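Text of the file work.cif, holding mmCIF, N, CA and C atoms:
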data_structure
loop_
_atom_site.group_PDB
_atom_site.id
_atom_site.type_symbol
_atom_site.label_atom_id
_atom_site.label_comp_id
_atom_site.auth_asym_id
_atom_site.auth_seq_id
_atom_site.Cartn_x
_atom_site.Cartn_y
_atom_site.Cartn_z
ATOM 1 N N MET A 151 0.817 -1.198 0.000
ATOM 2 C CA MET A 151 0.000 0.000 0.000
ATOM 3 C C MET A 151 0.859 1.259 0.000
ATOM 4 N N ALA A 152 2.033 1.193 0.619
ATOM 5 C CA ALA A 152 2.912 2.367 0.643
ATOM 6 C C ALA A 152 3.345 2.748 -0.768
ATOM 7 N N ALA A 153 3.633 1.751 -1.592
ATOM 8 C CA ALA A 153 4.042 2.028 -2.972
ATOM 9 C C ALA A 153 2.885 2.663 -3.748
ATOM 10 N N LEU A 154 1.682 2.160 -3.563
ATOM 11 C CA LEU A 154 0.529 2.736 -4.249
ATOM 12 C C LEU A 154 0.279 4.166 -3.792
ATOM 13 N N ASP A 155 0.497 4.418 -2.505
ATOM 14 C CA ASP A 155 0.349 5.774 -1.996
ATOM 15 C C ASP A 155 1.366 6.704 -2.654
ATOM 16 N N LEU A 156 2.604 6.271 -2.709
ATOM 17 C CA LEU A 156 3.656 7.081 -3.333
ATOM 18 C C LEU A 156 3.374 7.298 -4.818
ATOM 19 N N PHE A 157 3.096 6.227 -5.542
ATOM 20 C CA PHE A 157 2.870 6.332 -6.983
ATOM 21 C C PHE A 157 1.588 7.084 -7.319
ATOM 22 N N GLY A 158 0.646 7.115 -6.393
ATOM 23 C CA GLY A 158 -0.610 7.796 -6.624
ATOM 24 C C GLY A 158 -0.551 9.305 -6.459
ATOM 25 N N ARG A 159 0.553 9.801 -5.932
ATOM 26 C CA ARG A 159 0.683 11.249 -5.762
ATOM 27 C C ARG A 159 0.877 11.912 -7.114
ATOM 28 N N ARG A 160 0.225 13.044 -7.280
ATOM 29 C CA ARG A 160 0.287 13.771 -8.548
ATOM 30 C C ARG A 160 1.729 13.999 -8.966
ATOM 31 N N TRP A 161 2.037 13.681 -10.199
ATOM 32 C CA TRP A 161 3.324 13.870 -10.870
ATOM 33 C C TRP A 161 4.378 12.811 -10.540
ATOM 34 N N THR A 162 4.172 11.972 -9.543
ATOM 35 C CA THR A 162 5.208 11.013 -9.170
ATOM 36 C C THR A 162 5.533 10.060 -10.312
ATOM 37 N N LEU A 163 4.530 9.453 -10.892
ATOM 38 C CA LEU A 163 4.779 8.529 -12.003
ATOM 39 C C LEU A 163 5.398 9.246 -13.188
ATOM 40 N N ARG A 164 4.999 10.469 -13.430
ATOM 41 C CA ARG A 164 5.552 11.229 -14.546
ATOM 42 C C ARG A 164 7.044 11.475 -14.340
ATOM 43 N N VAL A 165 7.438 11.824 -13.126
ATOM 44 C CA VAL A 165 8.855 12.050 -12.833
ATOM 45 C C VAL A 165 9.647 10.763 -13.071
ATOM 46 N N LEU A 166 9.158 9.659 -12.553
ATOM 47 C CA LEU A 166 9.838 8.376 -12.773
ATOM 48 C C LEU A 166 9.917 8.055 -14.258
ATOM 49 N N TRP A 167 8.833 8.294 -14.973
ATOM 50 C CA TRP A 167 8.790 7.989 -16.404
ATOM 51 C C TRP A 167 9.811 8.825 -17.171
ATOM 52 N N GLU A 168 9.914 10.087 -16.830
ATOM 53 C CA GLU A 168 10.841 10.969 -17.544
ATOM 54 C C GLU A 168 12.303 10.629 -17.243
ATOM 55 N N LEU A 169 12.551 10.017 -16.104
ATOM 56 C CA LEU A 169 13.922 9.614 -15.755
ATOM 57 C C LEU A 169 14.275 8.223 -16.278
ATOM 58 N N ARG A 170 13.352 7.585 -16.978
ATOM 59 C CA ARG A 170 13.556 6.198 -17.401
ATOM 60 C C ARG A 170 14.756 6.008 -18.320
ATOM 61 N N ALA A 171 15.062 7.002 -19.144
ATOM 62 C CA ALA A 171 16.143 6.847 -20.129
ATOM 63 C C ALA A 171 17.491 7.326 -19.605
ATOM 64 N N GLY A 172 17.508 7.993 -18.474
ATOM 65 C CA GLY A 172 18.775 8.462 -17.938
ATOM 66 C C GLY A 172 18.618 9.735 -17.135
ATOM 67 N N PRO A 173 19.738 10.215 -16.591
ATOM 68 C CA PRO A 173 19.714 11.389 -15.716
ATOM 69 C C PRO A 173 19.225 12.648 -16.428
ATOM 70 N N LEU A 174 18.579 13.499 -15.640
ATOM 71 C CA LEU A 174 18.123 14.803 -16.121
ATOM 72 C C LEU A 174 18.364 15.838 -15.035
ATOM 73 N N GLY A 175 18.711 17.038 -15.451
ATOM 74 C CA GLY A 175 18.805 18.148 -14.524
ATOM 75 C C GLY A 175 17.415 18.618 -14.130
ATOM 76 N N PHE A 176 17.361 19.448 -13.097
ATOM 77 C CA PHE A 176 16.077 19.913 -12.576
ATOM 78 C C PHE A 176 15.258 20.616 -13.651
ATOM 79 N N ARG A 177 15.842 21.568 -14.341
ATOM 80 C CA ARG A 177 15.089 22.340 -15.348
ATOM 81 C C ARG A 177 14.632 21.471 -16.518
ATOM 82 N N ALA A 178 15.497 20.571 -16.967
ATOM 83 C CA ALA A 178 15.109 19.679 -18.068
ATOM 84 C C ALA A 178 13.953 18.782 -17.632
ATOM 85 N N LEU A 179 14.021 18.292 -16.409
ATOM 86 C CA LEU A 179 12.953 17.441 -15.887
ATOM 87 C C LEU A 179 11.659 18.239 -15.757
ATOM 88 N N GLN A 180 11.755 19.461 -15.290
ATOM 89 C CA GLN A 180 10.581 20.313 -15.163
ATOM 90 C C GLN A 180 9.943 20.566 -16.529
ATOM 91 N N GLN A 181 10.750 20.807 -17.545
ATOM 92 C CA GLN A 181 10.225 21.030 -18.895
ATOM 93 C C GLN A 181 9.543 19.784 -19.432
ATOM 94 N N ARG A 182 10.143 18.624 -19.208
ATOM 95 C CA ARG A 182 9.542 17.376 -19.694
ATOM 96 C C ARG A 182 8.242 17.059 -18.971
ATOM 97 N N CYS A 183 8.085 17.591 -17.787
ATOM 98 C CA CYS A 183 6.851 17.382 -17.020
ATOM 99 C C CYS A 183 5.879 18.527 -17.258
ATOM 100 N N ASP A 184 5.889 19.040 -18.474
ATOM 101 C CA ASP A 184 4.953 20.088 -18.890
ATOM 102 C C ASP A 184 5.011 21.317 -17.996
ATOM 103 N N GLY A 185 6.211 21.639 -17.511
ATOM 104 C CA GLY A 185 6.373 22.857 -16.737
ATOM 105 C C GLY A 185 5.702 22.854 -15.385
ATOM 106 N N MET A 186 5.650 21.710 -14.719
ATOM 107 C CA MET A 186 5.059 21.681 -13.381
ATOM 108 C C MET A 186 5.792 22.680 -12.480
ATOM 109 N N SER A 187 5.157 23.115 -11.440
ATOM 110 C CA SER A 187 5.773 24.120 -10.576
ATOM 111 C C SER A 187 7.044 23.556 -9.944
ATOM 112 N N SER A 188 8.006 24.435 -9.728
ATOM 113 C CA SER A 188 9.282 23.999 -9.157
ATOM 114 C C SER A 188 9.104 23.483 -7.741
ATOM 115 N N SER A 189 8.162 24.041 -6.990
ATOM 116 C CA SER A 189 7.958 23.577 -5.613
ATOM 117 C C SER A 189 7.405 22.154 -5.593
ATOM 118 N N VAL A 190 6.495 21.845 -6.498
ATOM 119 C CA VAL A 190 5.943 20.484 -6.556
ATOM 120 C C VAL A 190 7.020 19.509 -7.015
ATOM 121 N N LEU A 191 7.800 19.885 -8.024
ATOM 122 C CA LEU A 191 8.869 19.003 -8.488
ATOM 123 C C LEU A 191 9.881 18.742 -7.379
ATOM 124 N N ARG A 192 10.264 19.782 -6.651
ATOM 125 C CA ARG A 192 11.202 19.585 -5.535
ATOM 126 C C ARG A 192 10.635 18.605 -4.515
ATOM 127 N N GLN A 193 9.344 18.768 -4.197
ATOM 128 C CA GLN A 193 8.704 17.885 -3.217
ATOM 129 C C GLN A 193 8.688 16.436 -3.716
ATOM 130 N N ARG A 194 8.321 16.226 -4.979
ATOM 131 C CA ARG A 194 8.282 14.869 -5.515
ATOM 132 C C ARG A 194 9.678 14.257 -5.549
ATOM 133 N N LEU A 195 10.662 15.027 -5.940
ATOM 134 C CA LEU A 195 12.034 14.506 -5.967
ATOM 135 C C LEU A 195 12.509 14.144 -4.560
ATOM 136 N N LEU A 196 12.173 14.961 -3.579
ATOM 137 C CA LEU A 196 12.526 14.663 -2.196
ATOM 138 C C LEU A 196 11.867 13.358 -1.745
ATOM 139 N N GLU A 197 10.574 13.213 -2.044
ATOM 140 C CA GLU A 197 9.859 11.988 -1.673
ATOM 141 C C GLU A 197 10.468 10.768 -2.354
ATOM 142 N N LEU A 198 10.808 10.905 -3.623
ATOM 143 C CA LEU A 198 11.391 9.780 -4.361
ATOM 144 C C LEU A 198 12.801 9.463 -3.879
ATOM 145 N N GLN A 199 13.529 10.478 -3.433
ATOM 146 C CA GLN A 199 14.843 10.220 -2.851
ATOM 147 C C GLN A 199 14.705 9.511 -1.504
ATOM 148 N N GLU A 200 13.758 9.942 -0.689
ATOM 149 C CA GLU A 200 13.514 9.291 0.600
ATOM 150 C C GLU A 200 13.077 7.846 0.414
ATOM 151 N N ALA A 201 12.360 7.584 -0.673
ATOM 152 C CA ALA A 201 11.904 6.220 -0.983
ATOM 153 C C ALA A 201 13.001 5.402 -1.665
ATOM 154 N N ARG A 202 14.145 6.029 -1.910
ATOM 155 C CA ARG A 202 15.312 5.391 -2.539
ATOM 156 C C ARG A 202 15.062 4.950 -3.978
ATOM 157 N N LEU A 203 14.201 5.698 -4.672
ATOM 158 C CA LEU A 203 13.932 5.411 -6.076
ATOM 159 C C LEU A 203 14.701 6.353 -6.999
ATOM 160 N N VAL A 204 15.053 7.518 -6.476
ATOM 161 C CA VAL A 204 15.775 8.535 -7.238
ATOM 162 C C VAL A 204 16.935 9.020 -6.379
ATOM 163 N N GLU A 205 18.045 9.355 -7.046
ATOM 164 C CA GLU A 205 19.178 9.933 -6.337
ATOM 165 C C GLU A 205 19.739 11.100 -7.125
ATOM 166 N N ARG A 206 20.446 11.939 -6.423
ATOM 167 C CA ARG A 206 21.123 13.059 -7.061
ATOM 168 C C ARG A 206 22.394 12.531 -7.679
ATOM 169 N N GLY A 207 22.573 12.790 -8.944
ATOM 170 C CA GLY A 207 23.770 12.362 -9.639
ATOM 171 C C GLY A 207 24.768 13.492 -9.732
ATOM 172 N N SER A 208 25.729 13.301 -10.564
ATOM 173 C CA SER A 208 26.718 14.349 -10.777
ATOM 174 C C SER A 208 26.099 15.472 -11.592
ATOM 175 N N GLU A 209 26.715 16.629 -11.540
ATOM 176 C CA GLU A 209 26.286 17.779 -12.335
ATOM 177 C C GLU A 209 24.838 18.176 -12.065
ATOM 178 N N GLU A 210 24.410 18.081 -10.809
ATOM 179 C CA GLU A 210 23.074 18.527 -10.427
ATOM 180 C C GLU A 210 21.958 17.815 -11.177
ATOM 181 N N SER A 211 22.155 16.568 -11.500
ATOM 182 C CA SER A 211 21.121 15.818 -12.205
ATOM 183 C C SER A 211 20.487 14.805 -11.257
ATOM 184 N N TYR A 212 19.360 14.290 -11.691
ATOM 185 C CA TYR A 212 18.641 13.261 -10.939
ATOM 186 C C TYR A 212 18.585 12.009 -11.793
ATOM 187 N N CYS A 213 18.680 10.854 -11.134
ATOM 188 C CA CYS A 213 18.633 9.593 -11.870
ATOM 189 C C CYS A 213 17.960 8.533 -10.999
ATOM 190 N N LEU A 214 17.547 7.469 -11.652
ATOM 191 C CA LEU A 214 16.932 6.354 -10.943
ATOM 192 C C LEU A 214 17.997 5.545 -10.220
ATOM 193 N N THR A 215 17.674 5.070 -9.037
ATOM 194 C CA THR A 215 18.534 4.126 -8.312
ATOM 195 C C THR A 215 18.237 2.725 -8.848
ATOM 196 N N ALA A 216 18.895 1.738 -8.295
ATOM 197 C CA ALA A 216 18.602 0.350 -8.688
ATOM 198 C C ALA A 216 17.129 0.036 -8.414
ATOM 199 N N LEU A 217 16.620 0.456 -7.268
ATOM 200 C CA LEU A 217 15.197 0.234 -6.967
ATOM 201 C C LEU A 217 14.306 1.007 -7.932
ATOM 202 N N GLY A 218 14.728 2.203 -8.283
ATOM 203 C CA GLY A 218 13.972 3.009 -9.238
ATOM 204 C C GLY A 218 13.930 2.362 -10.608
ATOM 205 N N ARG A 219 15.056 1.746 -11.011
ATOM 206 C CA ARG A 219 15.080 1.047 -12.306
ATOM 207 C C ARG A 219 14.171 -0.175 -12.271
ATOM 208 N N GLU A 220 14.100 -0.846 -11.128
ATOM 209 C CA GLU A 220 13.165 -1.969 -10.995
ATOM 210 C C GLU A 220 11.726 -1.479 -11.130
ATOM 211 N N ALA A 221 11.420 -0.350 -10.494
ATOM 212 C CA ALA A 221 10.071 0.223 -10.605
ATOM 213 C C ALA A 221 9.789 0.589 -12.061
ATOM 214 N N ARG A 222 10.782 1.171 -12.739
ATOM 215 C CA ARG A 222 10.630 1.526 -14.161
ATOM 216 C C ARG A 222 10.290 0.290 -14.979
ATOM 217 N N ASP A 223 10.986 -0.805 -14.710
ATOM 218 C CA ASP A 223 10.724 -2.038 -15.458
ATOM 219 C C ASP A 223 9.301 -2.526 -15.236
ATOM 220 N N GLU A 224 8.819 -2.409 -14.021
ATOM 221 C CA GLU A 224 7.442 -2.807 -13.734
ATOM 222 C C GLU A 224 6.457 -1.859 -14.412
ATOM 223 N N LEU A 225 6.767 -0.581 -14.409
ATOM 224 C CA LEU A 225 5.888 0.405 -15.047
ATOM 225 C C LEU A 225 5.862 0.238 -16.556
ATOM 226 N N THR A 226 6.933 -0.296 -17.130
ATOM 227 C CA THR A 226 6.966 -0.547 -18.571
ATOM 228 C C THR A 226 5.876 -1.545 -18.953
ATOM 229 N N GLY A 227 5.658 -2.536 -18.111
ATOM 230 C CA GLY A 227 4.564 -3.486 -18.349
ATOM 231 C C GLY A 227 3.208 -2.802 -18.303
ATOM 232 N N LEU A 228 3.034 -1.901 -17.364
ATOM 233 C CA LEU A 228 1.786 -1.142 -17.276
ATOM 234 C C LEU A 228 1.615 -0.249 -18.507
ATOM 235 N N HIS A 229 2.709 0.324 -18.970
ATOM 236 C CA HIS A 229 2.667 1.157 -20.171
ATOM 237 C C HIS A 229 2.234 0.326 -21.389
ATOM 238 N N ALA A 230 2.782 -0.867 -21.522
ATOM 239 C CA ALA A 230 2.411 -1.741 -22.643
ATOM 240 C C ALA A 230 0.920 -2.076 -22.578
ATOM 241 N N TRP A 231 0.436 -2.371 -21.386
ATOM 242 C CA TRP A 231 -0.992 -2.648 -21.228
ATOM 243 C C TRP A 231 -1.819 -1.421 -21.610
ATOM 244 N N ALA A 232 -1.391 -0.235 -21.178
ATOM 245 C CA ALA A 232 -2.127 0.994 -21.476
ATOM 246 C C ALA A 232 -2.191 1.245 -22.979
ATOM 247 N N GLU A 233 -1.128 0.912 -23.696
ATOM 248 C CA GLU A 233 -1.119 1.048 -25.156
ATOM 249 C C GLU A 233 -2.177 0.123 -25.777
ATOM 250 N N ARG A 234 -2.238 -1.121 -25.295
ATOM 251 C CA ARG A 234 -3.236 -2.069 -25.808
ATOM 252 C C ARG A 234 -4.650 -1.602 -25.467
ATOM 253 N N TRP A 235 -4.819 -1.087 -24.272
ATOM 254 C CA TRP A 235 -6.118 -0.584 -23.827
ATOM 255 C C TRP A 235 -6.557 0.585 -24.700
ATOM 256 N N ALA A 236 -5.648 1.534 -24.952
ATOM 257 C CA ALA A 236 -5.976 2.688 -25.790
ATOM 258 C C ALA A 236 -6.362 2.246 -27.197
ATOM 259 N N ALA A 237 -5.642 1.268 -27.745
ATOM 260 C CA ALA A 237 -5.963 0.764 -29.083
ATOM 261 C C ALA A 237 -7.341 0.120 -29.089
ATOM 262 N N GLU A 238 -7.661 -0.591 -28.041
ATOM 263 C CA GLU A 238 -8.976 -1.230 -27.941
ATOM 264 C C GLU A 238 -10.081 -0.177 -27.891
ATOM 265 N N LEU A 239 -9.851 0.883 -27.119
ATOM 266 C CA LEU A 239 -10.859 1.932 -27.003
ATOM 267 C C LEU A 239 -11.020 2.694 -28.314
ATOM 268 N N ASP A 240 -9.960 2.795 -29.094
ATOM 269 C CA ASP A 240 -10.006 3.501 -30.374
ATOM 270 C C ASP A 240 -10.491 2.642 -31.537
ATOM 271 N N ALA A 241 -10.626 1.326 -31.310
ATOM 272 C CA ALA A 241 -11.005 0.413 -32.382
ATOM 273 C C ALA A 241 -12.429 0.715 -32.849
ATOM 274 N N PRO A 242 -12.633 0.707 -34.183
ATOM 275 C CA PRO A 242 -13.989 0.937 -34.722
ATOM 276 C C PRO A 242 -14.964 -0.089 -34.154
ATOM 277 N N GLY A 243 -16.119 0.390 -33.771
ATOM 278 C CA GLY A 243 -17.161 -0.508 -33.269
ATOM 279 C C GLY A 243 -16.949 -0.946 -31.832
ATOM 280 N N SER A 244 -15.897 -0.478 -31.203
ATOM 281 C CA SER A 244 -15.661 -0.858 -29.816
ATOM 282 C C SER A 244 -16.631 -0.128 -28.910
ATOM 283 N N THR A 245 -17.319 -0.903 -28.075
ATOM 284 C CA THR A 245 -18.253 -0.295 -27.126
ATOM 285 C C THR A 245 -17.651 -0.214 -25.754
ATOM 286 N N GLY A 246 -16.517 -0.914 -25.552
ATOM 287 C CA GLY A 246 -15.903 -0.917 -24.233
ATOM 288 C C GLY A 246 -16.574 -1.855 -23.264
ATOM 289 N N GLN A 247 -17.602 -2.575 -23.750
ATOM 290 C CA GLN A 247 -18.329 -3.503 -22.879
ATOM 291 C C GLN A 247 -18.305 -4.887 -23.514
ATOM 292 N N GLU A 248 -18.143 -5.861 -22.657
ATOM 293 C CA GLU A 248 -18.226 -7.242 -23.135
ATOM 294 C C GLU A 248 -19.330 -7.943 -22.373
ATOM 295 N N GLY A 249 -19.944 -8.888 -23.074
ATOM 296 C CA GLY A 249 -21.068 -9.660 -22.587
ATOM 297 C C GLY A 249 -20.961 -10.163 -21.264
#
Just give me the structure as structure tokens.
Amino acid sequence: MAALDLFGRRWTLRVLWELRAGPLGFRALQQRCDGMSSSVLRQRLLELQEARLVERGSEESYCLTALGREARDELTGLHAWAERWAAELDAPGSTGQEG
């Protein structure tokens, strides 16, 4: 439940997702997160650091820890499912309901 609480906080999954390919500086991360407020980004980064999913790297950048990379791998499966779900919802004649 603690993980669901953390991941359910606004912007948390987005921050993890944006760090999936490698380290990013604060401003670059903020831009990739559609310009979220700096105070919210700082708070999410602090929470993710306390949870040991994100760490401060060299050159003022943030990156995923080993635990963060494991979470990323799990989220990749959810992303694949979401892609299939979106395709199903967009399919012609799809009602979204099954018998």
What is the distance, in Å and to one decimal place, between atom C of Gly218 (chain A) and atom N of Phe157 (chain A)? 12.6 Å
5 Å per side around region 159-168 of chain A: axis-aligned box centre and edge lengths, as JSON:
{"center_x": 6.3, "center_y": 11.0, "center_z": -11.7, "size_x": 22.1, "size_y": 16.0, "size_z": 21.8}
Under the rule that only C-alpha atoms are counted, which of A:Leu169, A:Trp231, A:Arg182, A:Glu224 is the nearest residue to Leu195 (chain A)? A:Leu169
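Rounded to one decimal, atom C of Arg219 (chain A) and CA of Arg206 (chain A) lie 15.8 Å from each other.
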Write out as a ChimeraX atom specification all residues of chain A that DSSP puts in alpha helix (DSSP H) for this structure's backbone. /A:152-157,162-168,176-182,188-200,216-240
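Atom pair atom C of Phe176 (chain A) / atom N of Glu210 (chain A) has a distance of 9.9 Å (rounded to one decimal).
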